[in-house]
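File shown: final-v4.cif (mmCIF, C-alpha atoms).
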data_protein
#
loop_
_atom_site.group_PDB
_atom_site.id
_atom_site.type_symbol
_atom_site.label_atom_id
_atom_site.label_comp_id
_atom_site.auth_asym_id
_atom_site.auth_seq_id
_atom_site.Cartn_x
_atom_site.Cartn_y
_atom_site.Cartn_z
ATOM 1 C CA MET G 105 52.804 63.199 114.714
ATOM 2 C CA LYS G 106 55.570 62.958 117.290
ATOM 3 C CA THR G 107 58.175 62.562 114.547
ATOM 4 C CA ALA G 108 56.854 65.587 112.679
ATOM 5 C CA ILE G 109 57.034 67.776 115.773
ATOM 6 C CA THR G 110 60.573 66.591 116.510
ATOM 7 C CA ASN G 111 61.779 67.330 112.990
ATOM 8 C CA HIS G 112 60.178 70.772 113.087
ATOM 9 C CA THR G 113 61.839 71.489 116.400
ATOM 10 C CA LEU G 114 65.226 70.418 115.065
ATOM 11 C CA ARG G 115 64.830 72.603 111.994
ATOM 12 C CA HIS G 116 63.836 75.521 114.216
ATOM 13 C CA ALA G 117 66.850 74.937 116.464
ATOM 14 C CA ARG G 118 69.200 74.772 113.493
ATOM 15 C CA TYR G 119 67.750 78.025 112.174
ATOM 16 C CA LEU G 120 68.274 79.742 115.528
ATOM 17 C CA LEU G 121 71.854 78.471 115.764
ATOM 18 C CA CYS G 122 72.608 79.721 112.238
ATOM 19 C CA LEU G 123 71.069 83.103 113.047
ATOM 20 C CA ILE G 124 73.052 83.415 116.258
ATOM 21 C CA GLY G 125 76.241 82.475 114.379
ATOM 22 C CA VAL G 126 75.626 85.153 111.749
ATOM 23 C CA LEU G 127 74.923 87.785 114.429
ATOM 24 C CA LEU G 128 78.096 86.894 116.341
ATOM 25 C CA LEU G 129 80.148 86.986 113.155
ATOM 26 C CA SER G 130 78.677 90.359 112.229
ATOM 27 C CA ALA G 131 79.404 91.763 115.680
ATOM 28 C CA SER G 132 82.980 90.483 115.565
ATOM 29 C CA PHE G 133 83.485 91.915 112.073
ATOM 30 C CA ALA G 134 82.133 95.303 113.124
ATOM 31 C CA ARG G 135 84.369 95.388 116.196
ATOM 32 C CA VAL G 136 87.489 94.602 114.191
ATOM 33 C CA HIS G 137 86.767 97.218 111.548
ATOM 34 C CA ALA G 138 86.028 99.890 114.150
ATOM 35 C CA GLN G 139 89.726 99.912 114.993
ATOM 36 C CA GLN G 140 91.639 101.979 112.461
ATOM 37 C CA THR G 141 95.364 102.108 111.799
ATOM 38 C CA THR G 142 94.976 105.099 109.486
ATOM 39 C CA GLY G 143 93.868 108.706 109.939
ATOM 40 C CA THR G 144 91.185 111.048 108.637
ATOM 41 C CA ILE G 145 91.117 114.713 107.623
ATOM 42 C CA VAL G 146 87.774 116.522 107.729
ATOM 43 C CA GLY G 147 86.592 120.117 107.477
ATOM 44 C CA THR G 148 84.538 122.764 105.721
ATOM 45 C CA VAL G 149 85.534 125.002 102.822
ATOM 46 C CA GLN G 150 84.235 128.584 102.996
ATOM 47 C CA ASP G 151 84.864 131.889 101.264
ATOM 48 C CA GLN G 152 85.743 135.198 102.946
ATOM 49 C CA THR G 153 82.090 135.974 103.701
ATOM 50 C CA GLY G 154 81.516 132.651 105.432
ATOM 51 C CA ALA G 155 79.524 131.161 102.556
ATOM 52 C CA VAL G 156 80.272 127.492 101.899
ATOM 53 C CA VAL G 157 82.035 126.409 98.714
ATOM 54 C CA SER G 158 80.414 123.263 97.341
ATOM 55 C CA THR G 159 82.531 122.987 94.182
ATOM 56 C CA ALA G 160 85.993 122.602 95.727
ATOM 57 C CA THR G 161 88.407 119.725 95.222
ATOM 58 C CA VAL G 162 90.422 118.812 98.323
ATOM 59 C CA THR G 163 93.587 116.733 97.913
ATOM 60 C CA ALA G 164 95.721 115.292 100.721
ATOM 61 C CA THR G 165 99.270 114.257 99.751
ATOM 62 C CA ASN G 166 101.705 112.301 101.903
ATOM 63 C CA VAL G 167 104.971 114.248 101.858
ATOM 64 C CA ALA G 168 107.208 111.185 102.316
ATOM 65 C CA THR G 169 105.576 108.775 99.859
ATOM 66 C CA GLY G 170 103.690 110.968 97.391
ATOM 67 C CA PHE G 171 100.468 109.037 98.081
ATOM 68 C CA SER G 172 97.439 111.284 97.527
ATOM 69 C CA ARG G 173 93.676 111.110 97.807
ATOM 70 C CA ALA G 174 91.175 113.690 96.514
ATOM 71 C CA VAL G 175 87.508 114.335 97.351
ATOM 72 C CA GLN G 176 84.854 116.889 96.400
ATOM 73 C CA THR G 177 83.063 119.086 98.921
ATOM 74 C CA ASN G 178 79.361 118.376 99.354
ATOM 75 C CA GLY G 179 76.445 120.822 99.233
ATOM 76 C CA LEU G 180 77.356 122.094 102.704
ATOM 77 C CA GLY G 181 80.977 122.696 101.760
ATOM 78 C CA GLU G 182 82.091 119.739 103.851
ATOM 79 C CA TYR G 183 84.766 117.208 102.953
ATOM 80 C CA ARG G 184 86.128 114.022 104.519
ATOM 81 C CA ILE G 185 89.241 112.098 103.478
ATOM 82 C CA ASP G 186 89.360 108.687 105.179
ATOM 83 C CA PHE G 187 91.942 105.880 105.446
ATOM 84 C CA LEU G 188 95.062 108.023 105.061
ATOM 85 C CA PRO G 189 98.301 106.259 106.082
ATOM 86 C CA VAL G 190 99.908 108.016 109.029
ATOM 87 C CA GLY G 191 102.577 110.592 108.264
ATOM 88 C CA SER G 192 103.136 114.191 107.244
ATOM 89 C CA TYR G 193 100.639 115.667 104.746
ATOM 90 C CA THR G 194 100.006 118.675 102.572
ATOM 91 C CA VAL G 195 96.386 119.559 101.769
ATOM 92 C CA GLU G 196 95.554 121.492 98.604
ATOM 93 C CA VAL G 197 92.140 123.004 97.787
ATOM 94 C CA VAL G 198 91.131 124.175 94.323
ATOM 95 C CA ALA G 199 87.845 125.850 93.335
ATOM 96 C CA LYS G 200 86.791 127.999 90.391
ATOM 97 C CA SER G 201 87.147 131.765 90.952
ATOM 98 C CA PHE G 202 89.291 131.206 94.076
ATOM 99 C CA LYS G 203 92.994 131.296 94.771
ATOM 100 C CA HIS G 204 94.740 127.950 95.189
ATOM 101 C CA PHE G 205 94.948 127.043 98.920
ATOM 102 C CA THR G 206 97.794 124.956 100.401
ATOM 103 C CA GLN G 207 98.120 123.799 104.019
ATOM 104 C CA GLN G 208 101.494 122.360 104.952
ATOM 105 C CA ASN G 209 102.923 120.610 108.025
ATOM 106 C CA ILE G 210 99.976 118.347 108.844
ATOM 107 C CA ASP G 211 101.074 115.436 111.035
ATOM 108 C CA LEU G 212 98.471 112.654 110.945
ATOM 109 C CA THR G 213 98.673 109.937 113.582
ATOM 110 C CA VAL G 214 96.997 106.560 114.114
ATOM 111 C CA ASP G 215 93.185 106.656 114.351
ATOM 112 C CA GLN G 216 93.235 110.473 114.392
ATOM 113 C CA THR G 217 90.449 112.602 112.939
ATOM 114 C CA LEU G 218 92.049 115.969 112.197
ATOM 115 C CA THR G 219 89.810 118.968 111.494
ATOM 116 C CA LEU G 220 91.103 121.440 108.906
ATOM 117 C CA GLU G 221 88.840 124.381 108.113
ATOM 118 C CA VAL G 222 89.709 125.961 104.755
ATOM 119 C CA PRO G 223 89.185 129.701 104.071
ATOM 120 C CA LEU G 224 89.316 130.427 100.334
ATOM 121 C CA VAL G 225 90.147 133.844 98.933
ATOM 122 C CA ALA G 226 88.563 135.090 95.716
ATOM 123 C CA GLY G 227 91.062 135.455 92.909
ATOM 124 C CA ALA G 228 92.816 133.738 90.032
ATOM 125 C CA ALA G 229 93.582 130.028 90.276
ATOM 126 C CA THR G 230 97.194 130.808 89.342
ATOM 127 C CA GLU G 231 97.661 132.522 92.709
ATOM 128 C CA THR G 232 98.343 130.453 95.813
ATOM 129 C CA VAL G 233 97.701 131.024 99.510
ATOM 130 C CA THR G 234 100.099 128.856 101.530
ATOM 131 C CA VAL G 235 99.758 128.190 105.261
ATOM 132 C CA THR G 236 102.853 126.711 106.916
ATOM 133 C CA SER G 237 101.768 126.738 110.568
ATOM 134 C CA ALA G 238 100.366 123.389 111.719
ATOM 135 C CA PRO G 239 96.591 123.212 112.261
ATOM 136 C CA PRO G 240 95.317 122.980 115.877
ATOM 137 C CA LEU G 241 95.374 119.511 117.418
ATOM 138 C CA ILE G 242 91.982 119.868 119.142
ATOM 139 C CA ASN G 243 89.648 117.193 117.801
ATOM 140 C CA THR G 244 86.108 118.589 117.525
ATOM 141 C CA SER G 245 84.635 115.615 115.659
ATOM 142 C CA THR G 246 84.732 113.003 118.463
ATOM 143 C CA SER G 247 84.793 112.800 122.255
ATOM 144 C CA GLU G 248 87.284 109.918 122.303
ATOM 145 C CA LEU G 249 90.535 110.434 124.168
ATOM 146 C CA GLY G 250 93.883 109.007 123.121
ATOM 147 C CA ARG G 251 97.500 109.764 122.529
ATOM 148 C CA VAL G 252 100.411 108.682 120.374
ATOM 149 C CA VAL G 253 103.645 107.519 121.959
ATOM 150 C CA THR G 254 106.336 109.232 119.921
ATOM 151 C CA SER G 255 109.681 107.844 118.828
ATOM 152 C CA GLN G 256 111.375 110.380 121.135
ATOM 153 C CA GLU G 257 109.613 108.820 124.128
ATOM 154 C CA ILE G 258 110.475 105.290 123.024
ATOM 155 C CA GLN G 259 114.134 106.198 122.603
ATOM 156 C CA GLY G 260 114.451 108.498 125.630
ATOM 157 C CA LEU G 261 112.530 106.680 128.365
ATOM 158 C CA PRO G 262 113.854 103.520 130.061
ATOM 159 C CA LEU G 263 112.314 100.314 128.730
ATOM 160 C CA VAL G 264 112.352 97.052 130.681
ATOM 161 C CA ASN G 265 113.774 94.405 128.342
ATOM 162 C CA ARG G 266 113.463 97.051 125.579
ATOM 163 C CA ASN G 267 109.768 96.188 125.265
ATOM 164 C CA ALA G 268 107.923 99.082 123.627
ATOM 165 C CA TYR G 269 104.586 97.781 124.955
ATOM 166 C CA ALA G 270 105.675 99.115 128.365
ATOM 167 C CA GLU G 271 104.959 102.632 127.036
ATOM 168 C CA LEU G 272 101.223 101.823 126.884
ATOM 169 C CA SER G 273 101.084 102.746 130.575
ATOM 170 C CA LEU G 274 101.718 106.384 129.590
ATOM 171 C CA THR G 275 98.218 106.532 128.120
ATOM 172 C CA PRO G 276 95.425 107.796 130.411
ATOM 173 C CA GLY G 277 92.982 105.017 131.256
ATOM 174 C CA VAL G 278 95.519 102.178 131.151
ATOM 175 C CA MET G 279 95.234 100.562 134.584
ATOM 176 C CA ALA G 280 97.418 97.472 134.173
ATOM 177 C CA ASN G 281 100.018 96.495 131.643
ATOM 178 C CA SER G 282 101.936 93.237 131.909
ATOM 179 C CA SER G 283 104.857 94.847 130.062
ATOM 180 C CA SER G 284 105.084 97.867 132.391
ATOM 181 C CA PRO G 285 107.573 97.973 135.282
ATOM 182 C CA THR G 286 104.785 99.491 137.422
ATOM 183 C CA THR G 287 102.642 96.362 137.358
ATOM 184 C CA ASN G 288 105.374 93.903 136.414
ATOM 185 C CA PRO G 289 108.624 95.003 138.143
ATOM 186 C CA GLY G 290 110.511 91.952 136.957
ATOM 187 C CA GLY G 291 109.793 92.747 133.340
ATOM 188 C CA THR G 292 109.110 89.080 132.627
ATOM 189 C CA PRO G 293 106.697 88.793 129.678
ATOM 190 C CA ASN G 294 103.637 86.593 129.765
ATOM 191 C CA PHE G 295 104.042 83.310 127.953
ATOM 192 C CA THR G 296 101.115 81.502 126.338
ATOM 193 C CA VAL G 297 102.103 78.116 124.913
ATOM 194 C CA GLY G 298 105.655 79.378 124.646
ATOM 195 C CA LEU G 299 104.691 82.646 122.938
ATOM 196 C CA PRO G 300 105.503 85.972 124.655
ATOM 197 C CA SER G 301 102.367 88.080 124.927
ATOM 198 C CA ALA G 302 101.134 91.413 126.279
ATOM 199 C CA ASP G 303 98.039 91.942 128.430
ATOM 200 C CA VAL G 304 96.505 95.376 128.997
ATOM 201 C CA GLN G 305 93.469 96.534 130.991
ATOM 202 C CA VAL G 306 91.927 99.832 129.884
ATOM 203 C CA ASN G 307 89.150 101.926 131.477
ATOM 204 C CA GLY G 308 87.688 99.201 133.677
ATOM 205 C CA SER G 309 88.201 96.208 131.392
ATOM 206 C CA LEU G 310 88.836 92.933 133.215
ATOM 207 C CA ASP G 311 91.651 90.431 132.890
ATOM 208 C CA SER G 312 89.420 87.564 131.814
ATOM 209 C CA GLY G 313 92.213 85.571 130.233
ATOM 210 C CA ASN G 314 91.536 87.128 126.838
ATOM 211 C CA GLY G 315 93.121 90.208 125.361
ATOM 212 C CA ASN G 316 91.108 93.439 125.262
ATOM 213 C CA VAL G 317 93.473 95.476 123.109
ATOM 214 C CA ALA G 318 94.184 95.232 119.377
ATOM 215 C CA PHE G 319 97.826 95.299 118.287
ATOM 216 C CA TYR G 320 98.828 96.256 114.754
ATOM 217 C CA LEU G 321 102.174 96.372 112.983
ATOM 218 C CA ASP G 322 102.403 98.388 109.760
ATOM 219 C CA GLY G 323 98.631 98.157 109.479
ATOM 220 C CA GLY G 324 98.525 94.380 109.890
ATOM 221 C CA ASN G 325 97.126 92.412 112.834
ATOM 222 C CA ASN G 326 99.963 91.613 115.265
ATOM 223 C CA ILE G 327 98.029 89.402 117.692
ATOM 224 C CA THR G 328 98.792 85.790 118.507
ATOM 225 C CA GLY G 329 95.869 83.528 117.744
ATOM 226 C CA MET G 330 96.498 81.515 120.885
ATOM 227 C CA ARG G 331 94.793 83.951 123.292
ATOM 228 C CA ASN G 332 94.353 87.182 121.331
ATOM 229 C CA TYR G 333 97.349 88.883 122.941
ATOM 230 C CA GLY G 334 99.865 91.127 121.241
ATOM 231 C CA ASN G 335 102.934 89.417 119.826
ATOM 232 C CA SER G 336 106.421 90.620 120.657
ATOM 233 C CA ALA G 337 106.985 94.191 119.493
ATOM 234 C CA PRO G 338 109.878 94.973 117.123
ATOM 235 C CA ASN G 339 113.132 96.448 118.367
ATOM 236 C CA PRO G 340 112.423 99.959 119.725
ATOM 237 C CA SER G 341 114.959 101.423 117.294
ATOM 238 C CA ALA G 342 112.756 100.219 114.417
ATOM 239 C CA LEU G 343 109.593 101.955 115.705
ATOM 240 C CA GLU G 344 108.327 105.353 114.606
#
Write the structure described by the file as structure tokens, please.
Amino acid sequence: MKTAITNHTLRHARYLLCLIGVLLLSASFARVHAQQTTGTIVGTVQDQTGAVVSTATVTATNVATGFSRAVQTNGLGEYRIDFLPVGSYTVEVVAKSFKHFTQQNIDLTVDQTLTLEVPLVAGAATETVTVTSAPPLINTSTSELGRVVTSQEIQGLPLVNRNAYAELSLTPGVMANSSSPTTNPGGTPNFTVGLPSADVQVNGSLDSGNGNVAFYLDGGNNITGMRNYGNSAPNPSALE
């Protein structure tokens, strides 16, 4: 009887450990995939009376590479184009009995959700309505705050040891940055087992010895596996 109870307890313990492992893995996977290195374009397609157009095809094309992705509007006239590589885009909208619509000069940045409302005009599909002015930058789809450090800032502002990670301190909410001259006047990078690394505290996060920020390079993870810190950034002249 004692042996039976012990075996049952061991099996139960193993089950709990397996369950906890699966839950931790799932949580880690979800956290990683919540961080995007691409952008999204969303909006609603309507006609001149304000009625939604549920039969439109919306295509986003990267001006530099020619990469394109197309979606159909849903029953509410809404569309969403996810996982677009950052860059300059042109959006085209085609629907039966409406003029062809083209929106130019869309600059999509990392993890940005850009809202583009499309007004279609009744007419022949051979006619085109082209908008060249950039859409507003106000993001109405999320309450998250963020910014993109531009190449002009990287080239024009002084960088200690030419470390582009120092520019993270320009972002609201960044309290400490080991690469910034404000918190690290000497500009000496952290070294973990001989590897230079960056440490950043954002919006109340603590320096617990583990990194709290994800670093990506061309869409790939750029974090050292030693302590989850960012690896050395490329030469500032190579950054966009």
Expressed in Å to a single decimal, how great is the separation between CA of Val214 in chain G and CA of Ser309 in chain G? 22.0 Å
Could you check how far CA of Ile185 in chain G sits from CA of Ala238 in chain G, in Å to one decimal? 17.9 Å
Got a sec: who's within 9 Å of range 263-270 of chain G, counting only C-alpha atoms, leaving out chain neighbours fewer than 5 positions off, as a PyMOL selection string? chain G and resi 258+281-285+289-292+302+334+336-340+343
Could you check which of G:Thr169, G:Thr177, G:Thr232, G:Thr275 is closest to Val252 in chain G, using all atoms listed in the file?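 Of all the options, G:Thr275 lies closest to Val252 in chain G.
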Excluding same-chain residues fewer than 5 positions from Gly308 in chain G, what lies within 9 Å of it counting all atoms listed in the file, as a PyMOL selection string? chain G and resi 277-279
Nearest residue to Thr148 in chain G from the set G:Glu221, G:Glu196, G:Ala164, G:Val175 (distances using only C-alpha atoms):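 Under the stated criterion, the closest residue is G:Glu221.
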One decimal, Å: what's the distance from CA of Ser192 in chain G over to CA of Asp151 in chain G, could you say?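 About the pair CA of Ser192 in chain G and CA of Asp151 in chain G: they are 26.1 Å apart.
Remark: for Ser255 in chain G, the closest of the candidate residues G:Thr287, G:Ser341, G:Gln216, G:Gln208 is G:Ser341 (distances computed over all atoms listed in the file).
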So what does the PyMOL selection byres ((chain G and resi 154) around 12) actually pick up in this one, as a list of chain:residue names?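 Taken on the displayed file, the PyMOL selection byres ((chain G and resi 154) around 12) yields the residues G:Thr148, G:Val149, G:Gln150, G:Asp151, G:Gln152, G:Thr153, G:Ala155, G:Val156, G:Val157, G:Leu180, G:Gly181, G:Glu221, G:Val222, G:Pro223, G:Leu224, G:Val225.
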Restricting the output to C-alpha atoms, write the selected residues as an mmCIF file, keeping the file's coordinate frame.
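Output contents, as saved in again.cif:
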data_model
loop_
_atom_site.group_PDB
_atom_site.id
_atom_site.type_symbol
_atom_site.label_atom_id
_atom_site.label_comp_id
_atom_site.auth_asym_id
_atom_site.auth_seq_id
_atom_site.Cartn_x
_atom_site.Cartn_y
_atom_site.Cartn_z
ATOM 1 C CA THR G 148 84.538 122.764 105.721
ATOM 2 C CA VAL G 149 85.534 125.002 102.822
ATOM 3 C CA GLN G 150 84.235 128.584 102.996
ATOM 4 C CA ASP G 151 84.864 131.889 101.264
ATOM 5 C CA GLN G 152 85.743 135.198 102.946
ATOM 6 C CA THR G 153 82.090 135.974 103.701
ATOM 7 C CA ALA G 155 79.524 131.161 102.556
ATOM 8 C CA VAL G 156 80.272 127.492 101.899
ATOM 9 C CA VAL G 157 82.035 126.409 98.714
ATOM 10 C CA LEU G 180 77.356 122.094 102.704
ATOM 11 C CA GLY G 181 80.977 122.696 101.760
ATOM 12 C CA GLU G 221 88.840 124.381 108.113
ATOM 13 C CA VAL G 222 89.709 125.961 104.755
ATOM 14 C CA PRO G 223 89.185 129.701 104.071
ATOM 15 C CA LEU G 224 89.316 130.427 100.334
ATOM 16 C CA VAL G 225 90.147 133.844 98.933
#
Can you give me, as JSON, numbers by chain, the residues this file yields under the PyMOL selection byres ((chain G and resi 188) around 7)? {"G": [142, 143, 144, 186, 187, 189, 190]}
Those same residues, written as an mmCIF file, in the frame of the given file with C-alpha atoms?
data_model
loop_
_atom_site.group_PDB
_atom_site.id
_atom_site.type_symbol
_atom_site.label_atom_id
_atom_site.label_comp_id
_atom_site.auth_asym_id
_atom_site.auth_seq_id
_atom_site.Cartn_x
_atom_site.Cartn_y
_atom_site.Cartn_z
ATOM 1 C CA THR G 142 94.976 105.099 109.486
ATOM 2 C CA GLY G 143 93.868 108.706 109.939
ATOM 3 C CA THR G 144 91.185 111.048 108.637
ATOM 4 C CA ASP G 186 89.360 108.687 105.179
ATOM 5 C CA PHE G 187 91.942 105.880 105.446
ATOM 6 C CA PRO G 189 98.301 106.259 106.082
ATOM 7 C CA VAL G 190 99.908 108.016 109.029
#
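Restricting the calculation to only C-alpha atoms, the smallest distance between Pro239 in chain G and any of G:Ile145, G:Leu272, G:Val197, G:Ala342 is found for G:Ile145.
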Please determine, counting all atoms listed in the file, which residue among G:Leu218, G:Ile210, G:Ala168, G:Val198 has the shortest atom-to-atom distance to Val146 in chain G.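 Among the listed residues, the smallest separation from Val146 in chain G belongs to G:Leu218.
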Write out as JSON an axis-aligned box for range 321-336 of chain G: all of its atoms listed in the file, 8 Å added on each side, centre and edge lengths in Å with one decimal.
{"center_x": 100.4, "center_y": 90.0, "center_z": 116.4, "size_x": 28.1, "size_y": 32.9, "size_z": 29.8}
